[in-house]
>>> print(open('model_16.pdb').read())   # PDB, C-alpha atoms, pLDDT in the B column
ATOM      1  CA  MET A 149       0.000   0.000   0.000  1.00 57.00           C
ATOM      2  CA  ILE A 150       2.821   2.369   0.898  1.00 61.00           C
ATOM      3  CA  SER A 151       4.692   1.559  -2.303  1.00 76.00           C
ATOM      4  CA  ARG A 152       1.598   2.293  -4.403  1.00 80.00           C
ATOM      5  CA  ALA A 153       1.050   5.589  -2.585  1.00 81.00           C
ATOM      6  CA  PHE A 154       4.691   6.525  -3.116  1.00 83.00           C
ATOM      7  CA  LEU A 155       4.445   5.613  -6.793  1.00 86.00           C
ATOM      8  CA  PHE A 156       1.301   7.725  -7.122  1.00 86.00           C
ATOM      9  CA  ILE A 157       3.070  10.704  -5.541  1.00 87.00           C
ATOM     10  CA  VAL A 158       6.059  10.320  -7.870  1.00 88.00           C
ATOM     11  CA  VAL A 159       3.816  10.121 -10.940  1.00 89.00           C
ATOM     12  CA  ALA A 160       1.763  13.111  -9.767  1.00 88.00           C
ATOM     13  CA  VAL A 161       4.887  15.220  -9.185  1.00 88.00           C
ATOM     14  CA  TYR A 162       6.314  14.275 -12.572  1.00 90.00           C
ATOM     15  CA  THR A 163       2.993  15.023 -14.283  1.00 89.00           C
ATOM     16  CA  ALA A 164       2.820  18.438 -12.637  1.00 84.00           C
ATOM     17  CA  PHE A 165       6.428  19.130 -13.615  1.00 86.00           C
ATOM     18  CA  ALA A 166       5.854  18.070 -17.230  1.00 88.00           C
ATOM     19  CA  ALA A 167       2.491  19.824 -17.580  1.00 88.00           C
ATOM     20  CA  GLY A 168       3.640  23.030 -15.888  1.00 84.00           C
ATOM     21  CA  PRO A 169       5.086  24.726 -19.001  1.00 86.00           C
ATOM     22  CA  PHE A 170       1.977  23.888 -21.038  1.00 86.00           C
ATOM     23  CA  LEU A 171      -0.283  25.295 -18.325  1.00 86.00           C
ATOM     24  CA  TRP A 172       1.851  28.438 -18.154  1.00 86.00           C
ATOM     25  CA  VAL A 173       1.637  28.927 -21.934  1.00 85.00           C
ATOM     26  CA  ALA A 174      -2.128  28.390 -21.807  1.00 85.00           C
ATOM     27  CA  THR A 175      -2.566  31.054 -19.124  1.00 85.00           C
ATOM     28  CA  MET A 176      -0.290  33.443 -21.045  1.00 86.00           C
ATOM     29  CA  SER A 177      -2.529  33.113 -24.097  1.00 84.00           C
ATOM     30  CA  LEU A 178      -5.477  34.433 -22.068  1.00 84.00           C
ATOM     31  CA  ARG A 179      -3.678  37.564 -20.831  1.00 85.00           C
ATOM     32  CA  THR A 180      -2.900  40.880 -22.476  1.00 82.00           C
ATOM     33  CA  THR A 181       0.619  42.070 -23.214  1.00 80.00           C
ATOM     34  CA  SER A 182       0.514  44.635 -20.409  1.00 82.00           C
ATOM     35  CA  GLU A 183      -0.593  42.001 -17.891  1.00 82.00           C
ATOM     36  CA  ILE A 184       2.224  39.707 -18.938  1.00 81.00           C
ATOM     37  CA  SER A 185       4.760  42.535 -18.595  1.00 82.00           C
ATOM     38  CA  LEU A 186       3.646  43.261 -15.029  1.00 81.00           C
ATOM     39  CA  ASP A 187       3.923  39.657 -13.845  1.00 81.00           C
ATOM     40  CA  HIS A 188       4.918  36.743 -16.041  1.00 79.00           C
ATOM     41  CA  TYR A 189       3.584  34.073 -13.699  1.00 77.00           C
ATOM     42  CA  ALA A 190       0.401  35.635 -12.324  1.00 79.00           C
ATOM     43  CA  TRP A 191      -2.942  33.959 -12.852  1.00 79.00           C
ATOM     44  CA  PRO A 192      -5.074  35.981 -15.325  1.00 80.00           C
ATOM     45  CA  GLU A 193      -7.620  38.171 -13.574  1.00 78.00           C
ATOM     46  CA  THR A 194      -9.776  38.300 -16.698  1.00 81.00           C
ATOM     47  CA  LEU A 195      -9.823  35.545 -19.298  1.00 83.00           C
ATOM     48  CA  HIS A 196      -9.435  37.229 -22.683  1.00 82.00           C
ATOM     49  CA  TRP A 197     -10.990  34.575 -24.913  1.00 85.00           C
ATOM     50  CA  GLU A 198     -11.325  37.100 -27.731  1.00 84.00           C
ATOM     51  CA  LYS A 199      -7.591  36.775 -28.384  1.00 81.00           C
ATOM     52  CA  PHE A 200      -8.101  33.397 -30.059  1.00 82.00           C
ATOM     53  CA  PRO A 201     -10.418  34.565 -32.875  1.00 84.00           C
ATOM     54  CA  GLN A 202      -8.211  37.647 -33.281  1.00 81.00           C
ATOM     55  CA  ALA A 203      -5.153  35.457 -33.762  1.00 78.00           C
ATOM     56  CA  TRP A 204      -7.040  33.165 -36.125  1.00 80.00           C
ATOM     57  CA  PHE A 205      -8.431  35.839 -38.446  1.00 80.00           C
ATOM     58  CA  ASN A 206      -6.115  38.856 -38.045  1.00 80.00           C
ATOM     59  CA  SER A 207      -2.711  37.181 -38.317  1.00 80.00           C
ATOM     60  CA  ASN A 208      -3.350  34.784 -41.231  1.00 83.00           C
ATOM     61  CA  TYR A 209      -3.240  31.870 -38.799  1.00 86.00           C
ATOM     62  CA  SER A 210      -6.121  30.202 -40.631  1.00 86.00           C
ATOM     63  CA  VAL A 211      -4.208  30.411 -43.932  1.00 90.00           C
ATOM     64  CA  TYR A 212      -1.054  28.948 -42.410  1.00 92.00           C
ATOM     65  CA  PHE A 213      -3.082  26.202 -40.742  1.00 93.00           C
ATOM     66  CA  GLU A 214      -4.793  25.248 -44.009  1.00 94.00           C
ATOM     67  CA  ASN A 215      -1.445  25.176 -45.830  1.00 95.00           C
ATOM     68  CA  SER A 216       0.120  22.964 -43.172  1.00 96.00           C
ATOM     69  CA  LEU A 217      -2.907  20.679 -43.159  1.00 96.00           C
ATOM     70  CA  LEU A 218      -2.832  20.320 -46.946  1.00 97.00           C
ATOM     71  CA  VAL A 219       0.916  19.726 -47.225  1.00 97.00           C
ATOM     72  CA  VAL A 220       1.241  17.359 -44.269  1.00 97.00           C
ATOM     73  CA  THR A 221      -1.897  15.344 -45.035  1.00 97.00           C
ATOM     74  CA  SER A 222      -0.971  14.771 -48.677  1.00 97.00           C
ATOM     75  CA  ALA A 223       2.624  13.900 -47.775  1.00 97.00           C
ATOM     76  CA  VAL A 224       1.635  11.466 -45.013  1.00 97.00           C
ATOM     77  CA  ILE A 225      -0.892   9.680 -47.251  1.00 97.00           C
ATOM     78  CA  VAL A 226       1.665   9.180 -50.025  1.00 97.00           C
ATOM     79  CA  LEU A 227       4.358   8.191 -47.524  1.00 96.00           C
ATOM     80  CA  THR A 228       2.097   5.602 -45.938  1.00 96.00           C
ATOM     81  CA  VAL A 229       0.975   3.974 -49.193  1.00 95.00           C
ATOM     82  CA  VAL A 230       4.296   4.069 -51.047  1.00 95.00           C
ATOM     83  CA  GLY A 231       6.332   3.269 -47.936  1.00 94.00           C
ATOM     84  CA  ALA A 232       4.173   0.253 -47.083  1.00 94.00           C
ATOM     85  CA  MET A 233       4.349  -1.096 -50.640  1.00 93.00           C
ATOM     86  CA  ALA A 234       8.128  -0.641 -50.827  1.00 91.00           C
ATOM     87  CA  ALA A 235       8.659  -2.174 -47.383  1.00 91.00           C
ATOM     88  CA  HIS A 236       6.512  -5.191 -48.298  1.00 90.00           C
ATOM     89  CA  CYS A 237       8.522  -5.642 -51.480  1.00 88.00           C
ATOM     90  CA  PHE A 238      11.881  -5.483 -49.696  1.00 86.00           C
ATOM     91  CA  ALA A 239      10.732  -7.851 -46.946  1.00 85.00           C
ATOM     92  CA  ARG A 240       8.996 -10.493 -49.075  1.00 84.00           C
ATOM     93  CA  TYR A 241      10.598 -10.625 -52.515  1.00 82.00           C
ATOM     94  CA  ARG A 242      14.210 -11.605 -53.057  1.00 80.00           C
ATOM     95  CA  PHE A 243      15.754 -10.224 -56.233  1.00 80.00           C
ATOM     96  CA  ARG A 244      19.317  -9.483 -57.230  1.00 82.00           C
ATOM     97  CA  ILE A 245      19.603  -5.891 -56.024  1.00 83.00           C
ATOM     98  CA  ASN A 246      17.138  -6.151 -53.139  1.00 81.00           C
ATOM     99  CA  ARG A 247      19.616  -5.437 -50.357  1.00 80.00           C
ATOM    100  CA  LEU A 248      21.504  -2.884 -52.459  1.00 85.00           C
ATOM    101  CA  LEU A 249      18.382  -0.804 -53.057  1.00 84.00           C
ATOM    102  CA  TYR A 250      17.413  -1.126 -49.418  1.00 84.00           C
ATOM    103  CA  PHE A 251      20.880   0.010 -48.345  1.00 86.00           C
ATOM    104  CA  VAL A 252      20.730   3.020 -50.684  1.00 85.00           C
ATOM    105  CA  ILE A 253      17.342   4.041 -49.281  1.00 83.00           C
ATOM    106  CA  PHE A 254      18.432   3.398 -45.708  1.00 82.00           C
ATOM    107  CA  SER A 255      21.678   5.368 -46.131  1.00 83.00           C
ATOM    108  CA  ALA A 256      19.648   8.473 -46.999  1.00 83.00           C
ATOM    109  CA  ILE A 257      18.591   8.642 -43.341  1.00 85.00           C
ATOM    110  CA  ILE A 258      22.088   9.602 -42.208  1.00 84.00           C
ATOM    111  CA  PHE A 259      22.314  12.729 -44.386  1.00 84.00           C
ATOM    112  CA  PRO A 260      21.386  15.939 -42.549  1.00 86.00           C
ATOM    113  CA  PRO A 261      18.960  18.271 -44.332  1.00 86.00           C
ATOM    114  CA  GLN A 262      21.663  20.911 -44.751  1.00 86.00           C
ATOM    115  CA  ILE A 263      23.385  18.635 -47.281  1.00 88.00           C
ATOM    116  CA  THR A 264      20.327  17.992 -49.449  1.00 89.00           C
ATOM    117  CA  ILE A 265      18.640  21.403 -49.300  1.00 91.00           C
ATOM    118  CA  ILE A 266      20.639  22.936 -52.184  1.00 91.00           C
ATOM    119  CA  ALA A 267      20.011  20.001 -54.522  1.00 91.00           C
ATOM    120  CA  LEU A 268      16.310  19.999 -53.665  1.00 92.00           C
ATOM    121  CA  PHE A 269      16.137  23.759 -54.211  1.00 93.00           C
ATOM    122  CA  GLN A 270      17.722  23.477 -57.664  1.00 94.00           C
ATOM    123  CA  THR A 271      15.452  20.575 -58.621  1.00 94.00           C
ATOM    124  CA  LEU A 272      12.289  22.437 -57.655  1.00 94.00           C
ATOM    125  CA  VAL A 273      13.405  25.552 -59.546  1.00 94.00           C
ATOM    126  CA  GLN A 274      14.184  23.461 -62.630  1.00 95.00           C
ATOM    127  CA  TYR A 275      10.720  21.868 -62.681  1.00 94.00           C
ATOM    128  CA  GLY A 276       8.799  25.004 -61.733  1.00 93.00           C
ATOM    129  CA  LEU A 277       7.810  23.719 -58.291  1.00 94.00           C
ATOM    130  CA  TYR A 278       9.729  26.247 -56.219  1.00 95.00           C
ATOM    131  CA  ASN A 279       7.557  28.326 -53.886  1.00 94.00           C
ATOM    132  CA  SER A 280       4.638  25.908 -54.226  1.00 94.00           C
ATOM    133  CA  LEU A 281       2.838  23.692 -51.745  1.00 95.00           C
ATOM    134  CA  ILE A 282       3.075  20.764 -54.153  1.00 95.00           C
ATOM    135  CA  GLY A 283       6.849  21.123 -54.291  1.00 95.00           C
ATOM    136  CA  LEU A 284       7.107  21.311 -50.510  1.00 96.00           C
ATOM    137  CA  SER A 285       4.924  18.229 -50.144  1.00 96.00           C
ATOM    138  CA  LEU A 286       7.097  16.303 -52.622  1.00 96.00           C
ATOM    139  CA  VAL A 287      10.204  17.291 -50.666  1.00 96.00           C
ATOM    140  CA  TYR A 288       8.631  16.044 -47.453  1.00 96.00           C
ATOM    141  CA  ILE A 289       7.823  12.737 -49.150  1.00 96.00           C
ATOM    142  CA  ALA A 290      11.378  12.341 -50.432  1.00 93.00           C
ATOM    143  CA  VAL A 291      12.901  13.219 -47.070  1.00 93.00           C
ATOM    144  CA  GLN A 292      10.702  10.983 -44.901  1.00 94.00           C
ATOM    145  CA  LEU A 293      10.355   7.990 -47.223  1.00 94.00           C
ATOM    146  CA  PRO A 294      13.630   6.278 -46.154  1.00 93.00           C
ATOM    147  CA  LEU A 295      12.662   6.308 -42.472  1.00 93.00           C
ATOM    148  CA  THR A 296       9.142   5.101 -43.295  1.00 95.00           C
ATOM    149  CA  VAL A 297      10.460   2.200 -45.375  1.00 93.00           C
ATOM    150  CA  TYR A 298      12.990   1.299 -42.682  1.00 91.00           C
ATOM    151  CA  ILE A 299      10.377   1.100 -39.921  1.00 92.00           C
ATOM    152  CA  LEU A 300       7.818  -0.811 -41.976  1.00 93.00           C
ATOM    153  CA  GLU A 301      10.299  -3.216 -43.594  1.00 91.00           C
ATOM    154  CA  SER A 302      11.471  -4.467 -40.215  1.00 89.00           C
ATOM    155  CA  PHE A 303       7.841  -5.152 -39.271  1.00 91.00           C
ATOM    156  CA  PHE A 304       6.860  -6.828 -42.552  1.00 90.00           C
ATOM    157  CA  ALA A 305       9.918  -9.090 -42.324  1.00 88.00           C
ATOM    158  CA  ARG A 306       8.580 -10.563 -39.057  1.00 89.00           C
ATOM    159  CA  ILE A 307       5.266 -11.677 -40.551  1.00 87.00           C
ATOM    160  CA  PRO A 308       5.355 -15.496 -40.934  1.00 87.00           C
ATOM    161  CA  ALA A 309       5.863 -16.590 -44.536  1.00 84.00           C
ATOM    162  CA  ASP A 310       3.257 -19.341 -44.029  1.00 86.00           C
ATOM    163  CA  LEU A 311       0.520 -16.712 -44.182  1.00 85.00           C
ATOM    164  CA  PHE A 312       1.590 -15.670 -47.664  1.00 84.00           C
ATOM    165  CA  ASP A 313       1.959 -19.272 -48.811  1.00 84.00           C
ATOM    166  CA  ALA A 314      -1.551 -20.046 -47.578  1.00 88.00           C
ATOM    167  CA  ALA A 315      -2.911 -17.000 -49.397  1.00 85.00           C
ATOM    168  CA  ARG A 316      -1.246 -18.095 -52.644  1.00 87.00           C
ATOM    169  CA  ILE A 317      -2.701 -21.589 -52.268  1.00 87.00           C
ATOM    170  CA  ASP A 318      -6.139 -20.002 -51.870  1.00 84.00           C
ATOM    171  CA  GLY A 319      -5.614 -18.241 -55.187  1.00 86.00           C
ATOM    172  CA  TYR A 320      -4.829 -14.724 -53.970  1.00 85.00           C
ATOM    173  CA  PRO A 321      -2.769 -12.661 -56.439  1.00 87.00           C
ATOM    174  CA  GLU A 322       0.231 -10.779 -55.078  1.00 84.00           C
ATOM    175  CA  TRP A 323      -1.657  -7.474 -55.066  1.00 85.00           C
ATOM    176  CA  HIS A 324      -4.437  -8.912 -52.894  1.00 87.00           C
ATOM    177  CA  ILE A 325      -1.890 -10.535 -50.590  1.00 86.00           C
ATOM    178  CA  PHE A 326      -0.476  -7.103 -49.844  1.00 87.00           C
ATOM    179  CA  TRP A 327      -3.833  -5.393 -49.277  1.00 88.00           C
ATOM    180  CA  LYS A 328      -5.663  -8.218 -47.484  1.00 87.00           C
ATOM    181  CA  VAL A 329      -2.874 -10.010 -45.595  1.00 87.00           C
ATOM    182  CA  SER A 330       0.159  -7.782 -45.045  1.00 88.00           C
ATOM    183  CA  LEU A 331      -1.546  -4.432 -44.595  1.00 88.00           C
ATOM    184  CA  PRO A 332      -4.075  -5.422 -41.882  1.00 90.00           C
ATOM    185  CA  ILE A 333      -1.362  -7.161 -39.846  1.00 91.00           C
ATOM    186  CA  ALA A 334       0.960  -4.162 -40.171  1.00 91.00           C
ATOM    187  CA  LEU A 335      -1.585  -1.591 -38.974  1.00 93.00           C
ATOM    188  CA  PRO A 336       0.259  -0.965 -35.641  1.00 93.00           C
ATOM    189  CA  ALA A 337       3.505  -0.193 -37.486  1.00 94.00           C
ATOM    190  CA  ILE A 338       1.663   1.901 -40.058  1.00 95.00           C
ATOM    191  CA  ALA A 339      -0.030   3.878 -37.289  1.00 95.00           C
ATOM    192  CA  THR A 340       3.408   4.491 -35.777  1.00 95.00           C
ATOM    193  CA  THR A 341       4.788   5.886 -39.032  1.00 96.00           C
ATOM    194  CA  VAL A 342       1.685   8.028 -39.579  1.00 97.00           C
ATOM    195  CA  ILE A 343       2.001   9.602 -36.128  1.00 96.00           C
ATOM    196  CA  LEU A 344       5.766  10.047 -36.431  1.00 96.00           C
ATOM    197  CA  ASN A 345       5.622  11.592 -39.908  1.00 97.00           C
ATOM    198  CA  THR A 346       2.750  13.879 -38.939  1.00 97.00           C
ATOM    199  CA  ILE A 347       4.614  15.232 -35.913  1.00 96.00           C
ATOM    200  CA  LEU A 348       7.897  15.700 -37.781  1.00 95.00           C
ATOM    201  CA  LEU A 349       6.383  17.336 -40.860  1.00 96.00           C
ATOM    202  CA  TRP A 350       3.921  19.514 -38.950  1.00 96.00           C
ATOM    203  CA  ASN A 351       6.820  21.127 -37.084  1.00 94.00           C
ATOM    204  CA  GLU A 352       9.303  21.146 -39.986  1.00 94.00           C
ATOM    205  CA  PHE A 353      10.931  24.540 -40.532  1.00 94.00           C
ATOM    206  CA  LEU A 354      14.145  24.366 -42.590  1.00 93.00           C
ATOM    207  CA  TYR A 355      12.740  23.136 -45.904  1.00 94.00           C
ATOM    208  CA  ALA A 356       9.671  25.338 -45.581  1.00 94.00           C
ATOM    209  CA  VAL A 357      11.628  28.534 -44.925  1.00 94.00           C
ATOM    210  CA  VAL A 358      13.973  27.889 -47.870  1.00 94.00           C
ATOM    211  CA  LEU A 359      11.450  26.594 -50.405  1.00 94.00           C
ATOM    212  CA  ILE A 360       8.495  28.899 -49.626  1.00 94.00           C
ATOM    213  CA  THR A 361       8.744  32.677 -50.092  1.00 91.00           C
ATOM    214  CA  ASP A 362       5.129  33.689 -50.710  1.00 90.00           C
ATOM    215  CA  GLU A 363       3.407  34.689 -47.460  1.00 88.00           C
ATOM    216  CA  ALA A 364       0.102  33.205 -48.648  1.00 89.00           C
ATOM    217  CA  LYS A 365       1.793  29.793 -48.964  1.00 92.00           C
ATOM    218  CA  ARG A 366       3.525  29.720 -45.595  1.00 92.00           C
ATOM    219  CA  THR A 367       2.976  26.876 -43.169  1.00 94.00           C
ATOM    220  CA  LEU A 368       2.442  27.231 -39.424  1.00 91.00           C
ATOM    221  CA  PRO A 369       6.140  27.045 -38.414  1.00 91.00           C
ATOM    222  CA  LEU A 370       6.810  30.037 -40.705  1.00 88.00           C
ATOM    223  CA  GLY A 371       3.789  32.048 -39.587  1.00 75.00           C
TER     224      GLY A 371
END
>>> encode(input="model_16.pdb", output="structure tokens")
Amino acid sequence: MISRAFLFIVVAVYTAFAAGPFLWVATMSLRTTSEISLDHYAWPETLHWEKFPQAWFNSNYSVYFENSLLVVTSAVIVLTVVGAMAAHCFARYRFRINRLLYFVIFSAIIFPPQITIIALFQTLVQYGLYNSLIGLSLVYIAVQLPLTVYILESFFARIPADLFDAARIDGYPEWHIFWKVSLPIALPAIATTVILNTILLWNEFLYAVVLITDEAKRTLPLG
């Protein structure tokens, strides 16, 4: 009983410590600039809820939010579908350059964005995709695809081969095996990549600030 009470206290203290900054930011958002200048840590005397619609409509927040939603959603959908198909191929089909292609894709993870940004910039300019949401979305797909394939390939490789053999005996073509056997089993790994890619791309700044110059096309990190 004592150990459980002690554990509860430890968890409660840690939760308060971790949630403290978020609570402080939330209270700051409901105060005016003059109130914040007087005391940074005081509890707001009056809750200024009108600041939220002002921020949404007066500072182009809604435009930045829509741009981020469009770019990230399209990129994550393509990453999930293409990454799952590529990972299934690498895990299940053995061909001559299987491991070589996988190594090339995997090695792209180690390159920092500062190395690839110039080449991506020149490519987008060449194809008329610079300063466009489509170009930014394609860059996000290219950058995150290696990590997506790496995570999903390791999961697909653990699926027992007997399941695929049984599906072939039942007359399933390879396309149906992927959609009706591999994909449902891999949903936990796919959910992991969706969450990870969404978080990383939603907060991405470097590519967006270099590849987007038009204010109407900015994403939330730039706004």
>>> residues_around(input="model_16.pdb", residues="Val342 of chain A", least_positions_apart="4", cutoff="10 Å", atoms="all atoms listed in the file", output="compact mmCIF listing (two decimals) with C-alpha atoms, in the coordinates of the input")
# COMPACT_ATOMS: atom_id res chain seq x y z
CA THR A 221 -1.90 15.34 -45.04
CA VAL A 224 1.64 11.47 -45.01
CA ILE A 225 -0.89 9.68 -47.25
CA LEU A 227 4.36 8.19 -47.52
CA THR A 228 2.10 5.60 -45.94
CA THR A 296 9.14 5.10 -43.30
CA PRO A 336 0.26 -0.96 -35.64
CA ALA A 337 3.50 -0.19 -37.49
CA ILE A 338 1.66 1.90 -40.06
CA THR A 346 2.75 13.88 -38.94
CA ILE A 347 4.61 15.23 -35.91
>>> resolve_selection(input="model_16.pdb", expression="the PyMOL selection byres ((chain A and resi 326) around 12)", output="mmCIF file with C-alpha atoms, keeping the file's coordinate frame")
data_model
loop_
_atom_site.group_PDB
_atom_site.id
_atom_site.type_symbol
_atom_site.label_atom_id
_atom_site.label_comp_id
_atom_site.auth_asym_id
_atom_site.auth_seq_id
_atom_site.Cartn_x
_atom_site.Cartn_y
_atom_site.Cartn_z
ATOM 1 C CA VAL A 229 0.975 3.974 -49.193
ATOM 2 C CA ALA A 232 4.173 0.253 -47.083
ATOM 3 C CA MET A 233 4.349 -1.096 -50.640
ATOM 4 C CA ALA A 234 8.128 -0.641 -50.827
ATOM 5 C CA ALA A 235 8.659 -2.174 -47.383
ATOM 6 C CA HIS A 236 6.512 -5.191 -48.298
ATOM 7 C CA CYS A 237 8.522 -5.642 -51.480
ATOM 8 C CA ALA A 239 10.732 -7.851 -46.946
ATOM 9 C CA ARG A 240 8.996 -10.493 -49.075
ATOM 10 C CA TYR A 241 10.598 -10.625 -52.515
ATOM 11 C CA PHE A 304 6.860 -6.828 -42.552
ATOM 12 C CA ILE A 307 5.266 -11.677 -40.551
ATOM 13 C CA LEU A 311 0.520 -16.712 -44.182
ATOM 14 C CA PHE A 312 1.590 -15.670 -47.664
ATOM 15 C CA ALA A 315 -2.911 -17.000 -49.397
ATOM 16 C CA ARG A 316 -1.246 -18.095 -52.644
ATOM 17 C CA TYR A 320 -4.829 -14.724 -53.970
ATOM 18 C CA PRO A 321 -2.769 -12.661 -56.439
ATOM 19 C CA GLU A 322 0.231 -10.779 -55.078
ATOM 20 C CA TRP A 323 -1.657 -7.474 -55.066
ATOM 21 C CA HIS A 324 -4.437 -8.912 -52.894
ATOM 22 C CA ILE A 325 -1.890 -10.535 -50.590
ATOM 23 C CA TRP A 327 -3.833 -5.393 -49.277
ATOM 24 C CA LYS A 328 -5.663 -8.218 -47.484
ATOM 25 C CA VAL A 329 -2.874 -10.010 -45.595
ATOM 26 C CA SER A 330 0.159 -7.782 -45.045
ATOM 27 C CA LEU A 331 -1.546 -4.432 -44.595
ATOM 28 C CA PRO A 332 -4.075 -5.422 -41.882
ATOM 29 C CA ILE A 333 -1.362 -7.161 -39.846
ATOM 30 C CA ALA A 334 0.960 -4.162 -40.171
#
>>> closest_residue(input="model_16.pdb", among="A:Ser280, A:Thr264, A:Gln270, A:Gln202", to="Thr361 of chain A", atoms="all atoms listed in the file")
A:Ser280
>>> atom_distance(input="model_16.pdb", atom1="atom CA of Leu293 of chain A", atom2="atom CA of Pro308 of chain A")
24.8 Å
>>> resolve_selection(input="model_16.pdb", expression="the PyMOL selection byres ((chain A and resi 363) around 12)", output="list in words")
Ser207, Asn208, Tyr209, Val211, Tyr212, Asn215, Asn279, Ser280, Leu281, Ala356, Val357, Leu359, Ile360, Thr361, Asp362, Ala364, Lys365, Arg366, Thr367, Leu368, Leu370 and Gly371 of chain A
>>> atom_distance(input="model_16.pdb", atom1="atom CA of Thr180 of chain A", atom2="atom CA of Glu198 of chain A")
10.6 Å
>>> resolve_selection(input="model_16.pdb", expression="the PyMOL selection byres ((chain A and resi 256-258) around 12)", output="PDB file with C-alpha atoms, in the coordinates of the input")
ATOM      1  CA  LEU A 249      18.382  -0.804 -53.057  1.00 84.00           C
ATOM      2  CA  TYR A 250      17.413  -1.126 -49.418  1.00 84.00           C
ATOM      3  CA  PHE A 251      20.880   0.010 -48.345  1.00 86.00           C
ATOM      4  CA  VAL A 252      20.730   3.020 -50.684  1.00 85.00           C
ATOM      5  CA  ILE A 253      17.342   4.041 -49.281  1.00 83.00           C
ATOM      6  CA  PHE A 254      18.432   3.398 -45.708  1.00 82.00           C
ATOM      7  CA  SER A 255      21.678   5.368 -46.131  1.00 83.00           C
ATOM      8  CA  PHE A 259      22.314  12.729 -44.386  1.00 84.00           C
ATOM      9  CA  PRO A 260      21.386  15.939 -42.549  1.00 86.00           C
ATOM     10  CA  PRO A 261      18.960  18.271 -44.332  1.00 86.00           C
ATOM     11  CA  GLN A 262      21.663  20.911 -44.751  1.00 86.00           C
ATOM     12  CA  ILE A 263      23.385  18.635 -47.281  1.00 88.00           C
ATOM     13  CA  THR A 264      20.327  17.992 -49.449  1.00 89.00           C
ATOM     14  CA  ALA A 290      11.378  12.341 -50.432  1.00 93.00           C
ATOM     15  CA  VAL A 291      12.901  13.219 -47.070  1.00 93.00           C
ATOM     16  CA  GLN A 292      10.702  10.983 -44.901  1.00 94.00           C
ATOM     17  CA  LEU A 293      10.355   7.990 -47.223  1.00 94.00           C
ATOM     18  CA  PRO A 294      13.630   6.278 -46.154  1.00 93.00           C
ATOM     19  CA  LEU A 295      12.662   6.308 -42.472  1.00 93.00           C
ATOM     20  CA  THR A 296       9.142   5.101 -43.295  1.00 95.00           C
ATOM     21  CA  VAL A 297      10.460   2.200 -45.375  1.00 93.00           C
ATOM     22  CA  TYR A 298      12.990   1.299 -42.682  1.00 91.00           C
ATOM     23  CA  ILE A 299      10.377   1.100 -39.921  1.00 92.00           C
TER      24      ILE A 299
END
>>> atom_distance(input="model_16.pdb", atom1="atom CA of Ile245 of chain A", atom2="atom CA of Glu301 of chain A")
15.8 Å
